[in-house]
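Asker: Pasting in a structure now, in structure tokens, and then I'll have a few things to ask.
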Amino acid sequence: MDQQLKQYLPKDYKRRAYYTPYDVSVHNTANDLWVSFFGKVWDLTQLVQENISLKLCEPLIKIAGSDISYWFDKQTGEPRKQVDINTGLITYYCPQGRYLHIPSSDPCGDDELGNHSKPWWSNEQQYCIGNLSHKTRKVKIINMLTDHEDIIEVPSEETINEILDRYKKINAHAASYTWKRLGKPLDMELTLSANGIPDETDEFEYLGVPESQWYIPAIHLYFNDDLTVA
């Protein structure tokens with residue numbers, strides 16, 4: 001593939017049940033565009049690319065990689081509305097400017113909304129790719145074979161197997177280890193909390209402990225005899 005073309009293609013990603021805000025933030029260009037709102041993560045890359053010639057794409061490109069819950073009404077899930085102080089008319093709240101599928105408030109204005117059968121924010125089946133983690137937490141992973149340590153941020157809702165899958169970016173053979181906490185093998189189908197590894201960050205915040213001094217629980221990896229396929 002032509003290298004110049006390749007740099008404009010979306011980043012490869014694995015579909016997950018939960019994403020961290022950081023997961024969303026790295027998809028922040030017109031060619032690779034994610035947003036989140038009301039606990040859901042949306043991949044709008046195809047939507048923007050199909051309408052890239054329209055000025056209505058610009059607000060979405062500006063906020064790529066961020067949470068836009070404030071654009072929408074929490075009760076209805078529809079775009080928020082406001083009273084225009086100049087005209088007294090009810091208009092859509094568009095802090096970055098009118099965006100795709102929002103009709104113009106000007107009867108004489110352009111009515112080109114972009115190609116769609118229904119508004120993108122209502123088309124969860126096509127654009128929603130998973131959930132935004134309600135709360136993330138950090139975990140230290142110590143490889144007992146190499147004595148290497150890594151601290152990764154994970155959704156609190158993920159099982160140890162799902163954390164293992166994330167860790168494969170660091171160690172492709174992560175599944176070739178037994179995952180233990182304080183010498184006890186972890187149940188790979190349960191979350192950190194369900195494995196008896198509580199999240200104490202709320203308590204640290206309450207006590208005013210600086211984040212740099214927060215205790216991060218450790219998981220120890222013990223190498224098994226035979227490698228699994230990465």
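Starting from 1 in every chain, residues are counted up; chains themselves are A, B, ... following the order of the structure tokens, and ligands are numbered from 1 as listed.
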Give me the residues near stretch 185-196 of chain A as a ChimeraX atom specification, where near means some atom within 6 Å (using only C-alpha atoms) and where sequence neighbours in that chain fewer than 2 positions away do not count.
Answerer: /A:158-161,179-180,198
Asker: Write down as a VMD selection string the residues of stretch 22-201 of chain A whose backbone DSSP state falls under helix (DSSP H, G or I).
Answerer: chain A and resid 22 to 25 45 to 50 55 to 62 69 to 71 120 to 122 124 to 127 160 to 167 174 to 176 193 to 195 201
Asker: Would you write out those residues with C-alpha atoms, as a compact mmCIF listing (two decimals), in the first residue's frame?
Answerer:
# COMPACT_ATOMS: atom_id res chain seq x y z
CA TYR A 22 -7.55 7.71 26.96
CA ASP A 23 -8.65 5.00 24.51
CA VAL A 24 -11.05 7.54 23.02
CA SER A 25 -8.60 10.45 23.05
CA THR A 45 -14.87 8.04 11.10
CA GLN A 46 -17.07 6.67 8.32
CA LEU A 47 -19.71 9.35 8.89
CA VAL A 48 -17.20 12.18 8.58
CA GLN A 49 -15.38 10.67 5.62
CA GLU A 50 -18.63 10.24 3.70
CA LYS A 55 -18.52 22.43 6.51
CA LEU A 56 -20.82 20.63 8.97
CA CYS A 57 -18.01 18.11 9.60
CA GLU A 58 -15.72 20.74 11.09
CA PRO A 59 -17.28 20.82 14.60
CA LEU A 60 -16.97 17.03 14.87
CA ILE A 61 -13.34 17.15 13.77
CA LYS A 62 -12.61 19.87 16.36
CA SER A 69 -22.22 14.75 26.58
CA TYR A 70 -22.79 18.49 27.08
CA TRP A 71 -24.06 18.70 23.48
CA TRP A 120 -26.02 9.80 13.72
CA TRP A 121 -26.61 10.25 17.48
CA SER A 122 -29.70 8.05 17.15
CA GLU A 124 -26.34 3.40 17.85
CA GLN A 125 -26.29 0.20 15.81
CA GLN A 126 -24.05 1.71 13.14
CA TYR A 127 -21.77 4.03 15.10
CA ILE A 160 -8.58 -10.13 34.22
CA ASN A 161 -8.78 -11.80 30.80
CA GLU A 162 -9.72 -8.48 29.23
CA ILE A 163 -6.86 -6.77 31.07
CA LEU A 164 -4.57 -9.54 29.79
CA ASP A 165 -5.70 -8.74 26.26
CA ARG A 166 -4.77 -5.08 26.76
CA TYR A 167 -1.41 -6.10 28.19
CA ALA A 174 0.84 -12.52 28.19
CA ALA A 175 -1.37 -15.62 28.05
CA SER A 176 1.68 -17.81 28.69
CA SER A 193 -12.52 -5.99 42.64
CA ALA A 194 -14.20 -9.39 42.41
CA ASN A 195 -10.74 -10.95 42.80
CA THR A 201 -8.66 5.76 44.90
Asker: In terms of the shortest atom-to-atom distance over only C-alpha atoms, which of A:Ala172, A:Leu221, A:Leu89, A:Ala64 is closest to A:Thr29?
Answerer: A:Ala64
Asker: Mind checking which residues fall within 10 Å of A:Gly183, counting only C-alpha atoms, ignoring those fewer than 5 positions away in the same chain, and posting them as a ChimeraX atom specification?
Answerer: /A:219-222
Asker: Write a file of the selected residues as an mmCIF file, in the first residue's frame, keeping C-alpha atoms.
Answerer:
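See out16.cif below for the written result:
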data_model
loop_
_atom_site.group_PDB
_atom_site.id
_atom_site.type_symbol
_atom_site.label_atom_id
_atom_site.label_comp_id
_atom_site.auth_asym_id
_atom_site.auth_seq_id
_atom_site.Cartn_x
_atom_site.Cartn_y
_atom_site.Cartn_z
ATOM 1 C CA ILE A 219 -0.320 -8.465 39.818
ATOM 2 C CA HIS A 220 2.572 -10.912 39.436
ATOM 3 C CA LEU A 221 3.010 -12.939 36.257
ATOM 4 C CA TYR A 222 4.658 -16.357 36.516
#
Asker: Write out as a list in words which residues come within 10 Å of A:Lys140 when counting only C-alpha atoms, dropping same-chain ones fewer than 4 positions away.
Answerer: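 In the requested format, the answer is Glu149, Asp150, Ile151, Ile152, Glu153, Tyr215, Ile216, Pro217, Ala218, Ile219 and His220 of chain A.
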Asker: For the structure I just gave you, how does DSSP split stretch 99-170 of chain A - specifically, which residues are strand (DSSP E)? Reply as a compact mmCIF listing (two decimals) with all heavy atoms, in the first residue's frame.
Answerer:
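Printed below is part_10.txt as written:
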# COMPACT_ATOMS: atom_id res chain seq x y z
N CYS A 128 -22.10 3.21 17.39
CA CYS A 128 -21.66 2.96 18.76
C CYS A 128 -20.81 1.68 18.81
O CYS A 128 -21.23 0.64 18.30
CB CYS A 128 -22.85 2.84 19.69
SG CYS A 128 -22.39 2.60 21.42
N ILE A 129 -19.64 1.76 19.41
CA ILE A 129 -18.73 0.61 19.42
C ILE A 129 -18.51 0.03 20.82
O ILE A 129 -17.78 -0.95 20.97
CB ILE A 129 -17.36 0.97 18.80
CG1 ILE A 129 -16.71 2.13 19.56
CG2 ILE A 129 -17.53 1.30 17.32
CD1 ILE A 129 -15.28 2.42 19.11
N GLY A 130 -19.11 0.63 21.84
CA GLY A 130 -18.93 0.09 23.18
C GLY A 130 -19.26 1.12 24.24
O GLY A 130 -19.83 2.18 23.95
N ASN A 131 -18.88 0.82 25.46
CA ASN A 131 -19.18 1.68 26.60
C ASN A 131 -17.94 2.41 27.10
O ASN A 131 -16.82 1.88 27.03
CB ASN A 131 -19.74 0.82 27.75
CG ASN A 131 -20.99 0.07 27.36
OD1 ASN A 131 -22.04 0.66 27.13
ND2 ASN A 131 -20.88 -1.26 27.26
N LEU A 132 -18.17 3.60 27.60
CA LEU A 132 -17.09 4.34 28.28
C LEU A 132 -17.06 3.88 29.73
O LEU A 132 -18.10 3.80 30.39
CB LEU A 132 -17.36 5.83 28.21
CG LEU A 132 -16.24 6.74 28.74
CD1 LEU A 132 -15.02 6.67 27.84
CD2 LEU A 132 -16.73 8.18 28.87
N THR A 136 -12.06 4.30 35.79
CA THR A 136 -10.85 3.56 35.46
C THR A 136 -9.98 3.43 36.72
O THR A 136 -10.16 4.15 37.70
CB THR A 136 -10.05 4.27 34.36
OG1 THR A 136 -9.61 5.56 34.83
CG2 THR A 136 -10.90 4.46 33.11
N ARG A 137 -9.04 2.52 36.65
CA ARG A 137 -8.11 2.35 37.75
C ARG A 137 -6.78 1.87 37.21
O ARG A 137 -6.71 1.34 36.10
CB ARG A 137 -8.65 1.37 38.78
CG ARG A 137 -8.99 0.00 38.24
CD ARG A 137 -9.58 -0.91 39.29
NE ARG A 137 -8.68 -1.09 40.43
CZ ARG A 137 -8.88 -1.96 41.42
NH1 ARG A 137 -9.98 -2.72 41.42
NH2 ARG A 137 -8.03 -2.09 42.41
N LYS A 138 -5.73 2.06 37.98
CA LYS A 138 -4.40 1.64 37.56
C LYS A 138 -4.01 0.35 38.26
O LYS A 138 -4.39 0.09 39.40
CB LYS A 138 -3.37 2.74 37.85
CG LYS A 138 -3.56 3.98 37.00
CD LYS A 138 -2.51 5.03 37.32
CE LYS A 138 -2.70 6.26 36.45
NZ LYS A 138 -1.70 7.32 36.77
N VAL A 139 -3.25 -0.46 37.55
CA VAL A 139 -2.75 -1.71 38.11
C VAL A 139 -1.30 -1.88 37.67
O VAL A 139 -0.94 -1.54 36.54
CB VAL A 139 -3.62 -2.91 37.69
CG1 VAL A 139 -3.63 -3.09 36.19
CG2 VAL A 139 -3.17 -4.18 38.39
N LYS A 140 -0.48 -2.37 38.57
CA LYS A 140 0.94 -2.63 38.26
C LYS A 140 1.07 -4.11 37.89
O LYS A 140 0.63 -4.98 38.64
CB LYS A 140 1.83 -2.30 39.45
CG LYS A 140 3.32 -2.50 39.20
CD LYS A 140 4.12 -2.29 40.48
CE LYS A 140 3.99 -0.86 40.98
NZ LYS A 140 4.83 -0.62 42.18
N ILE A 141 1.67 -4.39 36.76
CA ILE A 141 1.88 -5.77 36.32
C ILE A 141 3.38 -6.05 36.35
O ILE A 141 4.17 -5.38 35.68
CB ILE A 141 1.30 -6.00 34.92
CG1 ILE A 141 -0.22 -5.73 34.96
CG2 ILE A 141 1.57 -7.43 34.44
CD1 ILE A 141 -0.91 -5.89 33.63
N ILE A 142 3.75 -7.05 37.14
CA ILE A 142 5.17 -7.39 37.33
C ILE A 142 5.45 -8.75 36.71
O ILE A 142 4.87 -9.76 37.11
CB ILE A 142 5.54 -7.40 38.82
CG1 ILE A 142 5.20 -6.05 39.47
CG2 ILE A 142 7.02 -7.74 38.99
CD1 ILE A 142 5.41 -6.02 40.97
N ASN A 143 6.32 -8.76 35.73
CA ASN A 143 6.74 -9.99 35.08
C ASN A 143 7.86 -10.61 35.92
O ASN A 143 8.97 -10.09 35.98
CB ASN A 143 7.23 -9.68 33.66
CG ASN A 143 7.53 -10.93 32.86
OD1 ASN A 143 8.00 -11.94 33.40
ND2 ASN A 143 7.29 -10.87 31.56
N HIS A 148 10.33 -7.12 34.99
CA HIS A 148 9.89 -5.87 34.36
C HIS A 148 8.52 -5.47 34.92
O HIS A 148 7.66 -6.31 35.11
CB HIS A 148 9.80 -6.05 32.84
CG HIS A 148 9.44 -4.80 32.11
ND1 HIS A 148 10.34 -3.78 31.88
CD2 HIS A 148 8.26 -4.38 31.56
CE1 HIS A 148 9.74 -2.80 31.23
NE2 HIS A 148 8.48 -3.14 31.03
N GLU A 149 8.35 -4.18 35.18
CA GLU A 149 7.10 -3.67 35.71
C GLU A 149 6.44 -2.69 34.74
O GLU A 149 7.13 -1.89 34.10
CB GLU A 149 7.33 -2.94 37.05
CG GLU A 149 7.89 -3.80 38.15
CD GLU A 149 8.02 -3.03 39.46
OE1 GLU A 149 7.56 -1.86 39.52
OE2 GLU A 149 8.57 -3.59 40.42
N ASP A 150 5.13 -2.78 34.64
CA ASP A 150 4.36 -1.83 33.84
C ASP A 150 3.14 -1.42 34.64
O ASP A 150 2.52 -2.24 35.33
CB ASP A 150 3.90 -2.47 32.52
CG ASP A 150 5.06 -2.76 31.59
OD1 ASP A 150 5.59 -1.81 30.99
OD2 ASP A 150 5.43 -3.95 31.48
N ILE A 151 2.78 -0.16 34.55
CA ILE A 151 1.55 0.34 35.15
C ILE A 151 0.61 0.71 34.01
O ILE A 151 0.96 1.50 33.13
CB ILE A 151 1.81 1.57 36.04
CG1 ILE A 151 2.67 1.18 37.24
CG2 ILE A 151 0.48 2.17 36.52
CD1 ILE A 151 3.07 2.34 38.13
N ILE A 152 -0.57 0.10 34.01
CA ILE A 152 -1.54 0.37 32.95
C ILE A 152 -2.86 0.81 33.57
O ILE A 152 -3.20 0.42 34.69
CB ILE A 152 -1.76 -0.84 32.02
CG1 ILE A 152 -2.32 -2.04 32.78
CG2 ILE A 152 -0.45 -1.23 31.33
CD1 ILE A 152 -2.67 -3.21 31.88
N GLU A 153 -3.58 1.63 32.84
CA GLU A 153 -4.91 2.08 33.27
C GLU A 153 -5.95 1.24 32.55
O GLU A 153 -5.89 1.06 31.35
CB GLU A 153 -5.10 3.56 32.92
CG GLU A 153 -6.43 4.12 33.40
CD GLU A 153 -6.60 5.58 33.03
OE1 GLU A 153 -6.00 6.02 32.03
OE2 GLU A 153 -7.34 6.28 33.74
N VAL A 154 -6.90 0.73 33.32
CA VAL A 154 -7.91 -0.18 32.76
C VAL A 154 -9.29 0.21 33.24
O VAL A 154 -9.44 0.83 34.31
CB VAL A 154 -7.61 -1.64 33.15
CG1 VAL A 154 -6.23 -2.07 32.67
CG2 VAL A 154 -7.72 -1.83 34.66
N PRO A 155 -10.33 -0.15 32.51
CA PRO A 155 -11.69 0.05 33.01
C PRO A 155 -11.93 -0.85 34.22
O PRO A 155 -11.53 -2.02 34.23
CB PRO A 155 -12.57 -0.38 31.83
CG PRO A 155 -11.69 -0.24 30.62
CD PRO A 155 -10.33 -0.62 31.10
Asker: Considering only C-alpha atoms, state which residue in the set A:Ser133, A:Ser53, A:Thr178, A:Gln82 is at the smallest distance from A:Lys40.
Answerer: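 Residue with the minimum atom-to-atom distance to A:Lys40: A:Ser133.
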Asker: Please compute the atom CA of A:Gly77-atom CA of A:Val41 distance, one decimal, in Å.
Answerer: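 Here the two named atoms are 14.1 Å from each other.
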Asker: Looking at A:Lys118, A:Lys135, A:Arg16, A:Lys81, which one is nearest to A:Asp199, with distances taken over only C-alpha atoms?
Answerer: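 Closest residue, counting only C-alpha atoms: A:Lys135.
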Asker: So which one's closest to A:Lys169, A:Lys74, A:Lys184, A:Lys14, A:His101? Using only C-alpha atoms, please.
Answerer: A:Lys14
Asker: Calculated over only C-alpha atoms, which of the candidates A:Leu44, A:Tyr99, A:Leu54, A:Ser66 has the smallest distance to A:Val26?
Answerer: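 Among A:Leu44, A:Tyr99, A:Leu54, A:Ser66, it is A:Ser66 that comes nearest to A:Val26.
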Asker: So, with only C-alpha atoms as the atoms that count, which of A:Thr91, A:Gln75, A:Asn51, A:Asp43 lies closest to A:Arg15?
Answerer: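 Ranking A:Thr91, A:Gln75, A:Asn51, A:Asp43 by distance to A:Arg15, first place goes to A:Asp43.
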Asker: Got a sec: who's within 9 Å of A:His27, counting only C-alpha atoms, leaving out chain neighbours fewer than 5 positions off, as a ChimeraX atom specification?
Answerer: /A:10-11,32-35,43,64-66
Asker: Next, the residues of the selection above should be written as a compact mmCIF listing (two decimals), in the first residue's frame with N, CA and C atoms.
Answerer:
# COMPACT_ATOMS: atom_id res chain seq x y z
N PRO A 10 -7.51 4.97 9.31
CA PRO A 10 -7.76 4.92 10.75
C PRO A 10 -6.81 3.96 11.45
N LYS A 11 -6.51 4.25 12.71
CA LYS A 11 -5.70 3.34 13.51
C LYS A 11 -6.45 2.02 13.70
N ASP A 32 -9.82 9.34 11.69
CA ASP A 32 -9.88 8.37 12.79
C ASP A 32 -10.56 9.08 13.96
N LEU A 33 -11.90 9.08 13.96
CA LEU A 33 -12.63 10.01 14.82
C LEU A 33 -13.59 9.30 15.75
N TRP A 34 -13.26 9.34 17.04
CA TRP A 34 -14.13 8.80 18.06
C TRP A 34 -14.60 9.93 18.97
N VAL A 35 -15.78 9.76 19.54
CA VAL A 35 -16.27 10.64 20.60
C VAL A 35 -16.99 9.76 21.63
N ASP A 43 -17.68 5.61 17.03
CA ASP A 43 -16.69 5.76 15.96
C ASP A 43 -17.40 6.46 14.80
N ALA A 64 -12.92 15.79 18.11
CA ALA A 64 -12.54 14.38 17.98
C ALA A 64 -11.71 13.93 19.18
N GLY A 65 -12.06 12.76 19.71
CA GLY A 65 -11.31 12.20 20.83
C GLY A 65 -11.78 12.65 22.20
N SER A 66 -12.89 13.40 22.26
CA SER A 66 -13.33 13.93 23.55
C SER A 66 -14.76 13.52 23.87
Asker: Can you work out the spacing between atom CA of A:Tyr92 and atom CA of A:Arg80 in Å, to one decimal?
Answerer: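 A separation of 6.0 Å between them.
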